[in-house]
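Engineer: Sharing final18.txt here; it has compact mmCIF, C-alpha atoms.
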```txt
# COMPACT_ATOMS: atom_id res chain seq x y z
CA MET A 22 19.11 5.74 -89.55
CA LYS A 23 16.19 8.19 -90.05
CA LYS A 24 13.70 5.47 -89.08
CA PHE A 25 15.67 4.82 -85.89
CA SER A 26 15.59 8.54 -84.99
CA VAL A 27 11.84 8.71 -85.54
CA ILE A 28 11.27 5.58 -83.43
CA ALA A 29 13.52 6.93 -80.66
CA CYS A 30 11.60 10.24 -80.62
CA LEU A 31 8.26 8.43 -80.46
CA CYS A 32 9.48 6.24 -77.59
CA ALA A 33 10.71 9.29 -75.70
CA ALA A 34 7.37 11.02 -76.25
CA THR A 35 5.46 8.03 -74.85
CA LEU A 36 7.63 8.06 -71.71
CA LEU A 37 6.96 11.76 -71.18
CA THR A 38 3.21 11.65 -71.63
CA SER A 39 2.71 8.11 -70.20
CA SER A 40 -0.92 8.21 -71.40
CA CYS A 41 -1.97 9.42 -67.98
CA TYR A 42 -4.82 11.86 -67.54
CA GLY A 43 -3.49 13.04 -64.17
CA SER A 44 -4.90 15.49 -61.67
CA PHE A 45 -3.46 18.68 -63.24
CA ALA A 46 -2.79 20.03 -59.71
CA LEU A 47 -0.62 22.97 -60.86
CA PHE A 48 -3.13 24.16 -63.47
CA ASN A 49 -6.06 23.71 -61.06
CA LYS A 50 -4.29 25.74 -58.34
CA ILE A 51 -3.77 28.65 -60.75
CA VAL A 52 -7.36 28.55 -62.04
CA LYS A 53 -8.78 28.30 -58.50
CA TRP A 54 -6.75 31.32 -57.40
CA GLU A 55 -7.87 33.31 -60.47
CA GLY A 56 -11.51 32.64 -59.59
CA THR A 57 -11.12 33.83 -56.00
CA ALA A 58 -8.40 36.50 -56.26
CA THR A 59 -10.88 39.31 -55.57
CA ASN A 60 -14.49 39.67 -54.48
CA SER A 61 -15.45 40.88 -57.96
CA ARG A 62 -16.34 38.35 -60.65
CA ILE A 63 -15.42 40.91 -63.32
CA ALA A 64 -11.98 41.54 -61.81
CA ASN A 65 -11.42 37.79 -61.54
CA GLU A 66 -12.32 37.39 -65.21
CA ILE A 67 -9.86 40.13 -66.19
CA ILE A 68 -7.14 38.39 -64.15
CA TYR A 69 -8.02 35.13 -65.92
CA LEU A 70 -7.77 36.73 -69.35
CA ILE A 71 -4.45 38.41 -68.56
CA LEU A 72 -2.99 35.19 -67.18
CA THR A 73 -4.20 32.93 -70.01
CA PRO A 74 -0.61 32.44 -71.30
CA VAL A 75 0.41 31.38 -67.77
CA ASN A 76 -2.49 28.90 -67.73
CA VAL A 77 -1.30 27.39 -71.02
CA ILE A 78 2.25 27.03 -69.68
CA CYS A 79 1.00 25.46 -66.42
CA ALA A 80 -1.26 23.05 -68.30
CA ALA A 81 1.63 22.04 -70.58
CA ALA A 82 3.95 21.56 -67.58
CA ASP A 83 1.30 19.45 -65.88
CA PHE A 84 0.67 17.38 -69.02
CA ILE A 85 4.31 16.76 -69.93
CA VAL A 86 6.11 16.63 -66.57
CA VAL A 87 4.02 16.70 -63.39
CA ASN A 88 1.34 14.20 -64.47
CA ALA A 89 4.06 11.81 -65.70
CA ILE A 90 5.71 12.03 -62.27
CA GLU A 91 2.31 11.39 -60.67
CA PHE A 92 1.73 8.37 -62.92
CA TRP A 93 5.10 6.72 -62.25
CA SER A 94 5.50 7.60 -58.56
CA GLY A 95 1.84 7.67 -57.48
CA GLU A 96 2.27 11.16 -55.99
CA ASN A 97 1.79 14.57 -57.56
CA PRO A 98 4.50 16.94 -56.27
CA MET A 99 2.23 19.98 -56.81
CA ALA A 100 -0.62 18.47 -54.79
CA GLN A 101 1.48 18.09 -51.64
CA ASN A 102 0.47 20.30 -48.71
CA VAL A 103 2.75 18.62 -46.16
CA GLY A 104 3.28 20.81 -43.12
CA LYS A 105 0.40 23.17 -43.88
CA THR A 106 -2.32 23.73 -41.29
CA GLN A 107 -5.90 24.75 -42.04
CA ASN A 108 -8.58 25.79 -39.57
CA VAL A 109 -11.79 23.84 -40.14
CA MET A 110 -15.16 24.34 -38.47
CA GLY A 111 -16.54 20.99 -37.29
CA GLU A 112 -20.17 19.93 -37.41
CA ASP A 113 -20.13 20.30 -33.62
CA GLY A 114 -19.41 24.04 -33.94
CA MET A 115 -15.81 23.70 -32.71
CA MET A 116 -12.79 24.96 -34.65
CA TYR A 117 -10.15 22.35 -35.51
CA ALA A 118 -6.57 22.86 -36.75
CA VAL A 119 -5.87 20.22 -39.41
CA LYS A 120 -2.19 19.78 -40.24
CA THR A 121 -1.28 17.79 -43.35
CA LEU A 122 1.38 15.17 -42.69
CA LYS A 123 3.30 13.14 -45.25
CA ASN A 124 1.19 10.10 -44.38
CA GLY A 125 -2.04 11.61 -43.07
CA TYR A 126 -3.45 14.36 -40.86
CA GLU A 127 -3.03 15.69 -37.34
CA VAL A 128 -6.19 17.25 -35.91
CA THR A 129 -6.08 19.54 -32.88
CA ASN A 130 -9.25 20.78 -31.18
CA GLU A 131 -9.74 24.07 -29.32
CA LYS A 132 -8.65 22.44 -26.04
CA GLY A 133 -5.31 21.41 -27.56
CA GLU A 134 -6.17 17.70 -27.75
CA LYS A 135 -4.59 15.98 -30.75
CA VAL A 136 -5.55 12.96 -32.80
CA MET A 137 -4.04 11.66 -36.02
CA TYR A 138 -5.37 9.88 -39.08
CA ILE A 139 -2.50 7.90 -40.60
CA HIS A 140 -2.29 6.14 -43.98
CA ASP A 141 -0.10 3.05 -44.18
CA ALA A 142 0.99 2.68 -47.80
CA LYS A 143 2.19 -0.94 -47.29
CA THR A 144 -1.23 -2.20 -46.22
CA ASP A 145 -3.22 0.59 -47.96
CA SER A 146 -5.09 1.27 -44.73
CA TRP A 147 -6.12 4.27 -42.59
CA SER A 148 -5.80 4.28 -38.80
CA PHE A 149 -6.86 6.60 -35.99
CA VAL A 150 -4.22 7.42 -33.34
CA GLN A 151 -5.13 8.99 -29.99
CA ASN A 152 -2.98 9.05 -26.85
CA GLY A 153 -0.54 6.62 -28.49
CA LYS A 154 -3.25 4.02 -29.20
CA LYS A 155 -3.63 3.09 -32.86
CA THR A 156 -6.96 1.79 -34.18
CA GLU A 157 -7.35 0.66 -37.78
CA LEU A 158 -10.37 2.28 -39.45
CA LEU A 159 -10.37 0.85 -42.96
CA ARG A 160 -8.31 -1.13 -45.41
CA TYR A 161 -8.58 -1.06 -49.20
CA ASN A 162 -8.69 -4.50 -50.82
CA GLY A 163 -7.30 -5.36 -54.23
CA ASP A 164 -10.76 -6.32 -55.52
CA GLY A 165 -12.20 -2.80 -55.12
CA THR A 166 -13.84 -3.42 -51.75
CA ILE A 167 -13.02 -1.96 -48.34
CA ASN A 168 -12.74 -3.64 -44.96
CA ALA A 169 -14.25 -1.22 -42.44
CA PHE A 170 -13.45 -1.83 -38.76
CA ILE A 171 -16.40 -0.76 -36.57
CA ASN A 172 -16.87 -1.52 -32.87
CA GLY A 173 -14.38 -4.39 -32.98
CA HIS A 174 -15.94 -5.98 -36.06
CA SER A 175 -14.66 -6.06 -39.63
CA MET A 176 -17.08 -5.70 -42.50
CA ARG A 177 -16.33 -5.88 -46.22
CA VAL A 178 -18.20 -3.27 -48.25
CA THR A 179 -18.19 -1.96 -51.79
CA GLN A 180 -16.92 1.52 -52.64
CA ASP A 181 -20.30 2.95 -53.57
CA GLN A 182 -23.49 4.31 -51.99
CA ALA A 183 -24.60 0.83 -50.89
CA GLY A 184 -21.32 0.24 -49.05
CA LEU A 185 -21.49 3.67 -47.45
CA MET A 186 -25.04 2.95 -46.28
CA GLN A 187 -23.91 -0.35 -44.73
CA VAL A 188 -21.15 1.43 -42.81
CA ARG A 189 -23.54 4.16 -41.62
CA MET A 190 -26.00 1.55 -40.41
CA ALA A 191 -23.23 -0.32 -38.59
CA VAL A 192 -22.07 2.88 -36.88
CA ASP A 193 -25.66 3.61 -35.86
CA GLY A 194 -25.98 0.08 -34.42
CA SER A 195 -28.17 -1.64 -37.00
CA ALA A 196 -27.80 -5.43 -36.78
CA TRP A 197 -28.58 -5.87 -40.50
CA ALA A 198 -25.41 -4.05 -41.61
CA MET A 199 -23.10 -6.26 -39.55
CA ARG A 200 -24.19 -9.45 -41.38
```
Step by step, read the file and then write its structure as structure tokens.

Structural biologist:
Amino acid sequence: MKKFSVIACLCAATLLTSSCYGSFALFNKIVKWEGTATNSRIANEIIYLILTPVNVICAAADFIVVNAIEFWSGENPMAQNVGKTQNVMGEDGMMYAVKTLKNGYEVTNEKGEKVMYIHDAKTDSWSFVQNGKKTELLRYNGDGTINAFINGHSMRVTQDQAGLMQVRMAVDGSAWAMR
């Protein structure tokens, strides 16, 4: 009977920890806030030292519960920012309001024009939606490659610097990249 109890406890422990490294979103949020709570590095360090027990508790909660949820469901409940809007300065000098949706992002420019970037979990693809017209941008393949859809053409690229360079060249109009 004692052996059965030990085996049952070990099985329960493996289900809780699920051997998943996880993103530690809760712990990282606390640590990020501690580092930027004030404009003084010394004050931030004091806050960090005072809140060290909180960090330990958050890390343990992430390790035992939140990361296990992330492993089994594919989503970390602490990493969700659904419904939140952030103002982001674009490379063009314009300010954009970026709202996090459950399946992507809604981007509104200073003129009030909206576009959306939507992730389809069934096909593991991202699409661009503007004025009701949906255009697929990319699709993840099971073999670690991506199908990028550029100017009406589909190109299969690797998820590395070489693949990124091919996509950049295709966007810029290089004939070599489209082969």

Engineer: Taking into account only C-alpha atoms, which residue in the set A:Gly56, A:Glu127, A:Ile67, A:Asn88 is nearest to A:Ser44?

Structural biologist: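 Selected residue with least distance to A:Ser44: A:Asn88.
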
Engineer: Smallest atom-to-atom distance to A:Trp147: which of A:Thr166, A:Gln180, A:Asn124, A:Thr106, using only C-alpha atoms?

Structural biologist: A:Asn124

Engineer: Rank A:Gly184, A:Leu158, A:Asp145, A:Val75 by their smallest atom-to-atom distance to A:Asn172, using only C-alpha atoms, and report the top residue only.

Structural biologist: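 Ranked by minimum distance to A:Asn172, first place goes to A:Leu158.
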
Engineer: Give me, please, the distance in Å between atom CA of A:Met115 and atom CA of A:Met137, quoted to one decimal.

Structural biologist: 17.2 Å

Engineer: Can you work out which one of A:Val52, A:Ile85, A:Tyr126, A:Phe45 has the shortest atom-to-atom distance to A:Leu70, counting all atoms listed in the file?

Structural biologist: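 The closest residue to A:Leu70 is A:Val52.
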
Engineer: Could you check which of A:Val188, A:Leu47, A:Glu91, A:Asp181 is closest to A:Leu159, using all atoms listed in the file?

Structural biologist: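 Closest to A:Leu159, using all atoms listed in the file: A:Val188.
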
Engineer: For A:Ala81, which residue out of A:Ala46, A:Leu185, A:Met110, A:Val136 is the nearest one, using only C-alpha atoms?

Structural biologist: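 Ranked by minimum distance to A:Ala81, first place goes to A:Ala46.
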
Engineer: Tell me, as a list in words, which residues lie within 10 Å of A:Gly165, counting all atoms listed in the file; anything in the same chain fewer than 2 positions away does not count.

Structural biologist: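 Using all atoms listed in the file, the neighbours found are Tyr161, Asn162, Gly163, Ile167, Val178, Thr179 and Gln180 of chain A.
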
Engineer: Compile the contact shell of A:Arg160 as a ChimeraX atom specification: residues with an atom at most 10 Å away, counting all atoms listed in the file, same-chain residues fewer than 6 positions apart removed.

Structural biologist: /A:140-141,144-148,166-170,175,177

Engineer: Would you mind listing what lies within 6 Å of A:Cys79 as a list of chain:residue names, with all atoms listed in the file counted and same-chain residues fewer than 3 positions away left out?

Structural biologist: A:Phe48, A:Asn76, A:Ala82

Engineer: For a test of reading the model, state the distance in Å between atom CA of A:Val119 and atom CA of A:Glu134, rounded to one decimal.

Structural biologist: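 Between these atoms lies a distance of 11.9 Å.
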
Engineer: How many Å lie between atom CA of A:Val109 and atom CA of A:Thr57, rounded to one decimal?

Structural biologist: 18.8 Å

Engineer: Each side padded by 3 Å, which centre and which edge lengths in Å (one decimal) define the axis-aligned box around the listed atoms of stretch 161-168 of chain A? Give them as AutoDock Vina command-line options.

Structural biologist:
```
--center_x -10.6 --center_y -3.7 --center_z -50.2 --size_x 12.5 --size_y 11.3 --size_z 16.6
```
